[in-house]
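Novice: Following this line is structure.csv, made up of CSV, C-alpha atoms and all ligand atoms:
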```
chain,number,residue,atom,x,y,z
G,1,MET,CA,-34.3,15.3,12.6
G,2,ASN,CA,-31.7,17.5,14.1
G,3,VAL,CA,-29.9,19.0,11.1
G,4,VAL,CA,-26.4,20.4,11.9
G,5,ILE,CA,-25.2,23.5,10.2
G,6,ASN,CA,-21.5,24.4,10.4
G,7,PRO,CA,-19.7,27.7,10.3
G,8,LYS,CA,-18.6,29.2,7.0
G,9,ILE,CA,-14.8,29.2,6.6
G,10,THR,CA,-13.1,31.6,4.3
G,11,VAL,CA,-9.5,31.4,3.3
G,12,ASP,CA,-7.8,34.5,1.8
G,13,TYR,CA,-5.4,32.9,-0.6
G,14,GLU,CA,-3.6,36.2,-1.2
G,15,ARG,CA,-2.4,35.8,2.4
G,16,CYS,CA,-2.3,32.1,2.9
G,17,THR,CA,0.4,31.3,0.3
G,18,THR,CA,2.6,28.6,1.8
G,19,PRO,CA,0.3,26.3,3.9
G,20,PHE,CA,2.4,23.2,3.6
G,21,ASP,CA,5.4,25.0,5.1
G,22,CYS,CA,3.3,26.9,7.7
G,23,LYS,CA,0.8,24.1,8.7
G,24,ARG,CA,-0.3,25.9,11.9
G,25,CYS,CA,-4.1,25.7,11.3
G,26,ILE,CA,-3.7,22.2,9.8
G,27,ARG,CA,-2.0,20.8,12.9
G,28,ILE,CA,-4.1,22.7,15.6
G,29,CYS,CA,-7.6,21.8,14.4
G,30,PRO,CA,-9.0,19.2,16.8
G,31,PRO,CA,-11.3,17.4,14.2
G,32,ALA,CA,-8.7,17.8,11.3
G,33,VAL,CA,-10.9,19.9,9.1
G,34,PHE,CA,-8.2,21.0,6.7
G,35,VAL,CA,-6.3,19.3,3.9
G,36,VAL,CA,-3.3,20.6,2.0
G,37,TYR,CA,-2.2,19.6,-1.5
G,38,ASP,CA,0.3,20.5,-4.2
G,39,ILE,CA,-1.1,22.6,-7.0
G,40,GLU,CA,1.1,21.1,-9.7
G,41,SER,CA,2.9,17.7,-9.6
G,42,HIS,CA,5.2,17.2,-12.6
G,43,ARG,CA,7.5,14.5,-13.6
G,44,GLY,CA,11.0,14.9,-12.3
G,45,TYR,CA,10.2,18.0,-10.2
G,46,GLU,CA,9.7,18.5,-6.5
G,47,VAL,CA,8.0,21.7,-5.6
G,48,ASP,CA,9.4,24.1,-3.1
G,49,LYS,CA,7.0,24.4,-0.2
G,50,LYS,CA,8.4,27.8,0.7
G,51,GLN,CA,7.6,29.2,-2.7
G,52,PRO,CA,4.2,31.0,-2.6
G,53,GLY,CA,1.4,29.3,-4.5
G,54,THR,CA,2.9,25.8,-4.8
G,55,TYR,CA,0.5,24.3,-2.2
G,56,LYS,CA,-3.1,25.1,-1.3
G,57,MET,CA,-5.0,24.5,1.9
G,58,LEU,CA,-8.7,23.6,1.8
G,59,PRO,CA,-11.2,23.2,4.7
G,60,LEU,CA,-12.5,20.0,3.1
G,61,TYR,CA,-14.1,18.5,6.2
G,62,ARG,CA,-15.9,21.6,7.2
G,63,ASP,CA,-18.9,19.5,8.4
G,64,LYS,CA,-16.8,18.8,11.5
G,65,CYS,CA,-16.0,22.5,12.3
G,66,THR,CA,-17.4,23.5,15.7
G,67,GLY,CA,-16.4,27.2,15.4
G,68,CYS,CA,-13.8,26.9,18.2
G,69,MET,CA,-11.6,29.6,16.4
G,70,LYS,CA,-8.3,27.9,17.2
G,71,CYS,CA,-7.2,28.1,13.5
G,72,VAL,CA,-8.1,31.8,13.3
G,73,GLU,CA,-6.1,32.5,16.4
G,74,VAL,CA,-3.0,30.6,15.2
G,75,CYS,CA,-2.9,32.0,11.7
G,76,PRO,CA,0.1,34.4,11.5
G,77,VAL,CA,-1.3,36.3,8.5
G,78,ASP,CA,-5.0,36.6,9.4
G,79,ALA,CA,-6.1,34.6,6.3
G,80,LEU,CA,-9.0,32.8,8.0
G,81,THR,CA,-12.5,33.7,9.0
G,82,VAL,CA,-14.9,31.2,10.7
G,83,LYS,CA,-18.4,32.4,11.1
G,84,MET,CA,-21.8,30.9,11.7
G,85,PRO,CA,-24.4,31.9,9.1
G,86,GLU,CA,-26.3,35.0,10.3
G,87,GLU,CA,-29.6,33.2,10.7
G,88,MET,CA,-28.1,30.8,13.1
G,89,LEU,CA,-26.9,33.4,15.5
G,90,THR,CA,-30.3,34.5,16.8
K,1,MET,CA,-15.3,-13.5,-0.4
K,2,CYS,CA,-15.4,-9.8,-1.4
K,3,ARG,CA,-15.7,-8.5,-4.9
K,4,MET,CA,-11.9,-8.4,-5.3
K,5,CYS,CA,-11.8,-12.1,-4.6
K,6,ASP,CA,-14.4,-12.7,-7.2
K,7,TRP,CA,-12.5,-10.6,-9.8
K,8,LEU,CA,-8.9,-11.5,-8.9
K,9,GLY,CA,-8.8,-14.3,-6.4
K,10,GLU,CA,-9.2,-17.4,-8.6
K,11,GLY,CA,-10.8,-19.2,-5.7
K,12,GLN,CA,-8.7,-17.7,-2.8
K,13,ILE,CA,-8.4,-14.4,-1.0
K,14,TRP,CA,-7.3,-12.0,-3.7
K,15,TYR,CA,-4.2,-10.7,-2.1
K,16,LYS,CA,-2.9,-14.2,-1.6
K,17,ASN,CA,-3.1,-14.9,-5.4
K,18,PRO,CA,0.6,-15.0,-6.6
K,19,LYS,CA,-0.5,-13.7,-10.0
K,20,LEU,CA,-1.1,-10.3,-8.3
K,21,HIS,CA,2.5,-10.3,-7.1
K,22,ALA,CA,3.4,-9.1,-10.6
K,23,ASN,CA,7.1,-8.6,-11.0
K,24,ARG,CA,6.9,-6.0,-13.7
K,25,MET,CA,7.2,-2.3,-14.3
K,26,TYR,CA,4.2,0.0,-14.7
K,27,LYS,CA,2.1,-0.4,-17.7
K,28,LEU,CA,2.3,2.1,-20.5
K,29,ARG,CA,-0.4,4.7,-20.2
K,30,GLU,CA,-3.3,4.5,-22.6
K,31,PRO,CA,-2.6,6.9,-25.6
K,32,GLY,CA,-4.2,10.3,-24.9
K,33,ARG,CA,-4.8,9.6,-21.2
K,34,LYS,CA,-3.3,12.2,-18.9
K,35,PRO,CA,-1.2,11.3,-15.9
K,36,GLN,CA,-2.9,11.6,-12.5
K,37,GLU,CA,-1.8,14.7,-10.8
K,38,SER,CA,-1.3,14.3,-7.1
K,39,LEU,CA,-4.3,15.1,-5.0
K,40,ARG,CA,-6.0,17.2,-7.5
K,41,GLY,CA,-7.9,14.4,-9.0
K,42,ASN,CA,-8.4,12.8,-5.7
K,43,ILE,CA,-9.9,15.4,-3.4
K,44,VAL,CA,-10.6,18.7,-5.2
K,45,GLY,CA,-11.6,17.2,-8.5
K,46,SER,CA,-14.0,14.7,-6.9
K,47,ASN,CA,-17.5,15.5,-5.9
K,48,LEU,CA,-16.5,14.7,-2.3
K,49,HIS,CA,-15.8,18.4,-1.7
K,50,GLU,CA,-19.2,19.3,-3.0
K,51,ALA,CA,-20.9,16.6,-0.9
K,52,LEU,CA,-19.2,17.8,2.3
K,53,GLU,CA,-20.0,21.4,1.6
K,54,ALA,CA,-23.7,20.4,1.2
K,55,LYS,CA,-23.6,18.5,4.5
K,56,ALA,CA,-22.0,21.4,6.3
K,57,ASN,CA,-24.8,23.6,4.9
K,58,GLY,CA,-27.5,21.2,6.2
K,59,ASP,CA,-28.4,20.0,2.7
K,60,LEU,CA,-28.5,16.3,3.4
K,61,ALA,CA,-30.4,15.4,0.2
K,62,THR,CA,-27.6,16.6,-2.0
K,63,PHE,CA,-25.0,15.0,0.3
K,64,ASN,CA,-26.7,11.6,0.1
K,65,ARG,CA,-27.1,11.8,-3.7
K,66,LEU,CA,-23.4,12.7,-4.3
K,67,ILE,CA,-22.2,9.9,-1.9
K,68,ALA,CA,-24.5,7.4,-3.6
K,69,GLU,CA,-23.0,8.4,-7.0
K,70,LYS,CA,-19.5,8.1,-5.7
K,71,ASN,CA,-20.2,4.6,-4.2
K,72,ALA,CA,-21.7,3.4,-7.5
K,73,ALA,CA,-18.6,4.5,-9.4
K,74,ASP,CA,-16.2,3.1,-6.8
K,75,ALA,CA,-18.0,-0.3,-6.8
K,76,ARG,CA,-16.6,-0.9,-10.3
K,77,LYS,CA,-13.1,-0.5,-9.1
K,78,VAL,CA,-10.8,-2.5,-6.7
K,79,GLY,CA,-11.0,-1.1,-3.2
K,80,ALA,CA,-8.5,-0.9,-0.4
K,81,GLN,CA,-9.0,-3.6,2.3
K,82,PRO,CA,-7.9,-4.1,5.9
K,83,ILE,CA,-5.4,-7.0,6.2
K,84,PRO,CA,-4.5,-8.6,9.6
K,85,LEU,CA,-0.8,-8.2,10.5
K,86,ASN,CA,0.0,-11.9,10.2
K,87,GLU,CA,-1.4,-11.9,6.6
K,88,ALA,CA,0.4,-8.7,5.7
K,89,ILE,CA,3.6,-10.4,6.9
K,90,GLU,CA,2.8,-13.5,4.8
K,91,VAL,CA,2.3,-11.3,1.7
K,92,ILE,CA,5.6,-9.6,2.2
K,93,LYS,CA,7.4,-12.9,2.7
K,94,THR,CA,6.0,-14.5,-0.4
K,95,LEU,CA,6.1,-11.4,-2.6
K,96,GLN,CA,9.5,-11.8,-4.3
K,97,MET,CA,9.5,-8.2,-5.4
K,98,PRO,CA,10.9,-4.9,-4.0
K,99,VAL,CA,9.2,-3.3,-1.0
K,100,ALA,CA,10.0,0.3,-0.2
K,101,ALA,CA,8.9,2.4,2.8
K,102,MET,CA,7.7,5.9,2.0
K,103,MET,CA,5.7,8.8,3.2
K,104,CYS,CA,1.9,8.4,3.6
K,105,ILE,CA,0.0,10.6,1.2
K,106,CYS,CA,-3.1,10.8,3.4
K,107,ARG,CA,-1.1,12.1,6.4
K,108,LYS,CA,0.7,14.6,4.2
K,109,ALA,CA,-2.7,16.0,3.2
K,110,THR,CA,-4.6,15.8,6.6
K,111,ARG,CA,-1.9,16.9,9.0
K,112,ALA,CA,0.8,18.3,6.6
K,113,GLU,CA,3.1,15.5,7.8
K,114,GLU,CA,6.6,15.4,6.2
K,115,GLU,CA,8.0,11.9,6.6
K,116,THR,CA,11.6,11.9,5.6
K,117,ASN,CA,13.2,8.7,7.0
K,118,LEU,CA,12.4,5.2,8.0
K,119,ASN,CA,11.3,6.1,11.6
K,120,GLU,CA,8.7,8.4,10.1
K,121,TYR,CA,7.6,6.7,6.9
K,122,SER,CA,4.3,5.0,7.4
K,123,CYS,CA,3.4,3.6,4.0
K,124,LEU,CA,4.9,0.6,2.1
K,125,ALA,CA,5.0,0.5,-1.7
K,126,LEU,CA,5.3,-2.8,-3.5
K,127,GLY,CA,6.6,-3.8,-6.9
K,128,THR,CA,9.4,-3.2,-9.4
K,129,GLY,CA,7.7,0.0,-10.4
K,130,MET,CA,9.2,1.6,-7.3
K,131,PHE,CA,12.6,1.5,-8.9
K,132,LYS,CA,11.3,4.5,-10.9
K,133,TRP,CA,10.2,6.5,-7.9
K,134,GLU,CA,12.7,9.3,-8.5
K,135,ARG,CA,10.8,10.3,-11.6
K,136,TRP,CA,8.1,11.6,-9.3
K,137,PRO,CA,10.0,13.3,-6.5
K,138,GLU,CA,6.9,15.3,-5.4
K,139,ARG,CA,4.7,12.2,-5.2
K,140,TYR,CA,7.5,10.5,-3.2
K,141,ARG,CA,8.4,13.6,-1.2
K,142,GLY,CA,10.8,12.7,1.6
K,143,GLY,CA,12.4,9.9,-0.4
K,144,VAL,CA,11.9,6.1,-0.1
K,145,GLU,CA,13.9,3.3,1.6
K,146,PHE,CA,14.0,-0.1,0.0
K,147,LEU,CA,13.7,-2.8,2.7
K,148,LYS,CA,14.6,-6.5,3.0
K,149,PRO,CA,11.5,-8.6,3.6
K,150,GLN,CA,12.3,-9.3,7.2
K,151,ASP,CA,12.9,-5.6,7.9
K,152,ALA,CA,9.7,-4.7,6.2
K,153,CYS,CA,7.8,-7.2,8.5
K,154,ASP,CA,9.5,-5.8,11.6
K,155,TRP,CA,8.6,-2.3,10.5
K,156,LEU,CA,4.9,-3.3,10.0
K,157,GLU,CA,5.0,-4.8,13.5
K,158,TYR,CA,6.4,-1.5,14.9
K,159,TRP,CA,3.4,0.4,13.4
K,160,ASP,CA,1.0,-2.3,14.6
K,161,LYS,CA,2.3,-1.8,18.2
K,162,ARG,CA,1.8,1.9,17.9
K,163,GLY,CA,-1.8,1.4,17.0
K,164,MET,CA,-2.0,1.6,13.2
K,165,MET,CA,-4.0,-0.9,11.2
K,166,HIS,CA,-2.9,-2.1,7.8
K,167,LEU,CA,-4.6,-1.5,4.5
K,168,ILE,CA,-3.7,-3.4,1.3
K,169,MET,CA,-4.1,-1.6,-2.0
K,170,GLU,CA,-3.8,-2.5,-5.6
K,171,GLU,CA,-2.3,-0.6,-8.6
K,172,GLY,CA,-3.5,-0.6,-12.1
K,173,ASN,CA,-6.4,-3.0,-11.2
K,174,ASP,CA,-4.3,-6.2,-11.3
K,175,PHE,CA,-1.3,-6.1,-8.9
K,176,LEU,CA,-0.6,-5.4,-5.3
K,177,GLY,CA,0.6,-1.8,-5.0
K,178,GLY,CA,1.0,-1.2,-1.3
K,179,ILE,CA,0.3,-1.8,2.3
K,180,CYS,CA,-0.3,1.4,4.3
K,181,ASN,CA,-0.4,1.8,8.1
K,182,CYS,CA,-3.6,3.7,8.8
K,183,ASP,CA,-5.5,5.4,11.6
K,184,TYR,CA,-8.6,7.5,12.0
K,185,PRO,CA,-8.9,10.4,11.1
K,186,ASP,CA,-5.7,10.8,9.1
K,187,CYS,CA,-6.4,8.0,6.7
K,188,ASN,CA,-8.8,9.3,4.0
K,189,PRO,CA,-10.4,6.0,3.2
K,190,ILE,CA,-11.1,5.2,6.9
K,191,ARG,CA,-12.6,8.6,7.7
K,192,GLN,CA,-14.6,8.8,4.5
K,193,ARG,CA,-16.1,5.4,5.2
K,194,VAL,CA,-16.7,5.8,8.9
K,195,ASP,CA,-18.1,9.3,8.8
K,196,TYR,CA,-19.6,9.7,5.3
K,197,GLY,CA,-20.6,6.2,4.2
K,198,LEU,CA,-18.1,5.9,1.3
K,199,ASP,CA,-18.4,2.1,1.6
K,200,GLN,CA,-16.8,0.9,-1.7
K,201,GLN,CA,-13.4,2.6,-1.9
K,202,LEU,CA,-12.6,0.9,1.4
K,203,VAL,CA,-14.0,-2.7,1.7
K,204,LYS,CA,-14.3,-4.6,5.0
K,205,GLY,CA,-11.7,-7.3,5.6
K,206,GLU,CA,-12.1,-11.0,4.9
K,207,TYR,CA,-12.4,-11.7,8.7
K,208,ILE,CA,-14.1,-10.4,11.8
K,209,CYS,CA,-12.7,-10.5,15.3
K,210,GLU,CA,-14.4,-12.4,18.2
K,211,VAL,CA,-13.6,-12.3,21.9
K,212,ASP,CA,-13.2,-15.6,23.7
K,213,PHE,CA,-15.0,-14.7,26.9
K,214,LYS,CA,-13.3,-17.6,28.8
K,215,ARG,CA,-9.8,-16.6,27.9
K,216,CYS,CA,-10.3,-12.9,28.3
K,217,ASN,CA,-9.8,-11.5,31.8
K,218,GLY,CA,-11.2,-8.1,31.0
K,219,CYS,CA,-7.8,-6.3,31.3
K,220,GLY,CA,-8.8,-3.8,28.6
K,221,GLU,CA,-5.5,-3.7,26.6
K,222,CYS,CA,-7.5,-4.0,23.4
K,223,LEU,CA,-9.6,-1.0,24.1
K,224,GLY,CA,-8.7,2.1,22.1
K,225,ARG,CA,-7.2,0.1,19.3
K,226,CYS,CA,-10.3,0.0,17.1
K,227,HIS,CA,-10.5,2.7,14.4
K,228,PHE,CA,-14.0,1.6,13.3
K,229,ASN,CA,-16.0,2.0,16.5
K,230,ALA,CA,-16.7,-1.7,16.7
K,231,LEU,CA,-15.0,-2.5,20.0
K,232,LYS,CA,-16.6,-1.3,23.3
K,233,PHE,CA,-16.3,-2.4,26.9
K,234,GLU,CA,-19.4,-4.1,28.2
K,235,VAL,CA,-19.4,-3.3,31.9
K,236,THR,CA,-22.2,-5.9,32.8
K,237,ILE,CA,-20.0,-8.8,31.8
K,238,ASP,CA,-16.7,-7.1,32.5
K,239,ARG,CA,-15.5,-8.0,28.9
K,240,PRO,CA,-14.9,-6.2,25.7
K,241,SER,CA,-17.7,-6.5,23.1
K,242,ILE,CA,-17.2,-6.4,19.4
K,243,ASP,CA,-20.1,-5.7,17.0
K,244,PRO,CA,-19.4,-8.1,14.2
K,245,MET,CA,-21.6,-6.1,11.8
K,246,VAL,CA,-19.3,-3.1,12.3
K,247,CYS,CA,-15.9,-4.9,12.7
K,248,PHE,CA,-13.6,-4.5,9.7
K,249,GLY,CA,-11.4,-7.5,10.7
K,250,CYS,CA,-8.2,-5.4,10.9
K,251,ALA,CA,-7.1,-7.5,13.9
K,252,LEU,CA,-5.6,-4.5,15.7
K,253,CYS,CA,-7.5,-5.5,18.8
K,254,GLN,CA,-6.2,-9.0,18.5
K,255,THR,CA,-2.5,-8.0,18.3
K,256,ALA,CA,-3.0,-6.0,21.5
K,257,CYS,CA,-4.2,-9.0,23.5
K,258,ASN,CA,-1.5,-10.9,25.2
K,259,ARG,CA,-3.8,-13.6,26.4
K,260,GLY,CA,-4.8,-14.8,23.0
K,261,ALA,CA,-8.4,-14.1,23.8
K,262,ILE,CA,-9.4,-12.5,20.4
K,263,ASN,CA,-9.9,-14.8,17.4
K,264,LEU,CA,-10.0,-14.0,13.7
K,265,VAL,CA,-13.1,-15.6,12.1
K,266,PRO,CA,-13.6,-15.7,8.4
K,267,ARG,CA,-16.5,-13.6,7.4
K,268,SER,CA,-17.8,-16.6,5.4
K,269,ALA,CA,-18.2,-18.6,8.6
K,270,TYR,CA,-21.4,-16.9,9.6
K,271,PRO,CA,-24.4,-16.8,7.1
K,272,ALA,CA,-25.4,-13.3,8.0
K,273,LEU,CA,-21.9,-11.9,7.6
K,274,ARG,CA,-21.1,-13.3,4.2
K,275,ASN,CA,-22.4,-10.3,2.4
K,276,VAL,CA,-21.4,-7.6,4.9
K,277,TRP,CA,-18.6,-5.7,3.2
B,301,LIG,S1,-13.1,-4.9,16.5
B,301,LIG,FE1,-10.8,-5.4,16.3
B,301,LIG,S2,-10.7,-6.4,14.2
B,301,LIG,FE2,-12.7,-5.4,14.4
B,301,LIG,S3,-12.4,-3.4,13.4
B,301,LIG,FE3,-12.1,-3.1,15.6
B,301,LIG,S4,-9.9,-3.4,16.0
B,301,LIG,FE4,-10.3,-4.2,13.9
B,302,LIG,S1,-6.8,-7.6,25.7
B,302,LIG,FE1,-7.5,-9.7,25.6
B,302,LIG,S2,-7.7,-10.3,27.8
B,302,LIG,FE2,-7.6,-8.0,27.7
B,302,LIG,S3,-9.7,-7.3,27.6
B,302,LIG,FE3,-9.0,-7.4,25.5
B,302,LIG,S4,-9.6,-9.5,24.8
B,302,LIG,FE4,-9.7,-9.5,27.1
```
Take the structure I supplied and represent it as structure tokens, if you would.

Specialist:
Amino acid sequence: MNVVINPKITVDYERCTTPFDCKRCIRICPPAVFVVYDIESHRGYEVDKKQPGTYKMLPLYRDKCTGCMKCVEVCPVDALTVKMPEEMLT
Amino acid sequence: MCRMCDWLGEGQIWYKNPKLHANRMYKLREPGRKPQESLRGNIVGSNLHEALEAKANGDLATFNRLIAEKNAADARKVGAQPIPLNEAIEVIKTLQMPVAAMMCICRKATRAEEETNLNEYSCLALGTGMFKWERWPERYRGGVEFLKPQDACDWLEYWDKRGMMHLIMEEGNDFLGGICNCDYPDCNPIRQRVDYGLDQQLVKGEYICEVDFKRCNGCGECLGRCHFNALKFEVTIDRPSIDPMVCFGCALCQTACNRGAINLVPRSAYPALRNVW
């Protein structure tokens, strides 16, 4: 069977701190690989999406990533890398 | 009849049982049980992330094991189910409890959507519990709008026209909690069933759709409406073709047809479909 291997995606969370406010990679990805979620949801309290660290972005559906690099190009803080595993490149 | 009908339907389709239209506030939480915290428990805490990582790394054995485990756990719970527009409208009209439009939590996660008014909201919450929505402003980000039954029905029709199918969901295992307007890939239950085989958290609908080849003129209006890959165009006979084993009975193709050429057929009408959920 033809087993598909997808690129590795790394997110530098020191750089990507307000993904729900920024949302560039989340919106541009053709197969919708990313999800965004709030870190803490407390009673009576709405988090400020502009405050760093309130939301986190995760490439949950990485099995759909084709390595097209659109997210890497659109990220304003260079927080993303998308790379095929070394052994696949030969 | 699906497992929810067996558990909750008392002889009829479960979402039509008026006992599930419970006009009460949320139950008290079990002592010692923590509140669910947004998506943490849902996506990151689940083994879905681990399963999809395995798949992306080419480790299909681990992927299949984790998916089977999740299905076994989900099978013990009430799942979400597609409901045809006319039945969703019937539920709203007989409900006798508050309905409120709100932001869709799936779309917030998959496309970072921020729905802040009635033109954008795409989910419908049901029940008196909604009167307490302000206690969880992050969960109900963007606010909610309480609707009169007729307005809620019009609003469902609006989303149906735009191409969203409708999913009915329960709350607390014993009352109807919401009707969401859903599409692939933004809706988590749809994508996770279609692409990864999570076949218990989203259960197929009580019906399938069937094309009446005599009424149909092959116009193709229904094409592109199916979120489940069940509807294709069969060039040989110049008619659309629905695979009944794949169809979820959402009726989105039916509502697109202005010749009345697509019929809803109860799943129980055909012996080989009775157990296809
Ligand atoms: S064929 Fe029609 S009823 Fe069946 S899943 Fe597709 S759109 Fe829904
Ligand atoms: S919309 Fe109706 S008439 Fe047109 S192709 Fe589909 S089933 Fe046939």

Novice: Dump as a PyMOL selection string all residues having an atom at most 12 Å from (-4.5, 9.8, 2.9), computed in the file's coordinates with all atoms listed in the file.

Specialist: (chain G and resi 35-37) or (chain K and resi 38-39+42-43+80+103-113+122-123+167+180-192)

Novice: Could you jot down the atom CA of Cys68 of chain G to atom CA of Met84 of chain G separation for me, Å, one decimal place?

Specialist: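 Between atom CA of Cys68 of chain G and atom CA of Met84 of chain G the gap works out to 11.1 Å.
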
Novice: Would you give me, as a count of residues only, the residues of chain G that come within 7 Å of chain K, using only C-alpha atoms?

Specialist: 23

Novice: Can you work out the spacing between atom CA of Ala230 of chain K and atom CA of Ile242 of chain K in Å, to one decimal?

Specialist: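 According to the coordinates, atom CA of Ala230 of chain K and atom CA of Ile242 of chain K are separated by 5.4 Å.
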
Novice: Just want the 12 Å neighbourhood of Asn275 of chain K, counted on all atoms listed in the file, with same-chain residues fewer than 2 positions away dropped. Output as JSON, numbers by chain.

Specialist: {"K": [1, 2, 3, 203, 204, 205, 206, 207, 245, 266, 267, 268, 269, 270, 271, 272, 273, 277]}

Novice: Measure the distance from atom CA of Lys93 of chain K to atom CA of Asn17 of chain K in Å and round it to one decimal.

Specialist: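 So the answer is 13.4 Å.
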
Novice: Contacts of Glu115 of chain K at 6 Å or less, counting all atoms listed in the file, minus same-chain residues fewer than 3 places along, as a list in words?

Specialist: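 Residues meeting the cut-off are Met103, Glu120, Tyr121 and Gly142 of chain K.
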
Novice: Kindly provide, as a ChimeraX atom specification, all nucleotide and amino acid residues lying within 7 Å of ligand LIG 302 (chain B), counting only C-alpha atoms and all ligand atoms.

Specialist: /K:211,215-223,239-240,256-262

Novice: Please provide the set of residues having any atom within 7 Å of Met69 of chain G, restricted to all atoms listed in the file, with same-chain residues fewer than 3 positions apart removed, written as a PyMOL selection string.

Specialist: chain G and resi 72-73+82

Novice: May I have the residues within 8 Å of ligand LIG 301 (chain B), computed using only C-alpha atoms and all ligand atoms, as a count of residues only?

Specialist: 26

Novice: Counting only C-alpha atoms, figure out which residue out of G:Glu86, G:Cys22, G:Gly67, G:Pro7 gets nearest to Pro52 of chain G.

Specialist: G:Cys22

Novice: Tell me, as JSON, numbers by chain, which residues lie within 7 Å of Leu126 of chain K, counting only C-alpha atoms; anything in the same chain fewer than 6 positions away does not count.

Specialist: {"K": [98, 99, 100, 176, 177, 178]}

Novice: Might you pull out every residue within 8 Å of Cys29 of chain G, with all atoms listed in the file counted and same-chain residues fewer than 4 positions away left off, and present them as an mmCIF file with C-alpha atoms, keeping the file's coordinate frame?

Specialist:
```
data_model
loop_
_atom_site.group_PDB
_atom_site.id
_atom_site.type_symbol
_atom_site.label_atom_id
_atom_site.label_comp_id
_atom_site.auth_asym_id
_atom_site.auth_seq_id
_atom_site.Cartn_x
_atom_site.Cartn_y
_atom_site.Cartn_z
ATOM 1 C CA CYS G 25 -4.100 25.700 11.300
ATOM 2 C CA VAL G 33 -10.900 19.900 9.100
ATOM 3 C CA PHE G 34 -8.200 21.000 6.700
ATOM 4 C CA LYS G 70 -8.300 27.900 17.200
ATOM 5 C CA CYS G 71 -7.200 28.100 13.500
#
```

Novice: Find, counting only C-alpha atoms, the residue in G:Pro59, G:Pro76, G:Pro30, G:Lys64 that gets nearest to Thr17 of chain G.

Specialist: G:Pro76
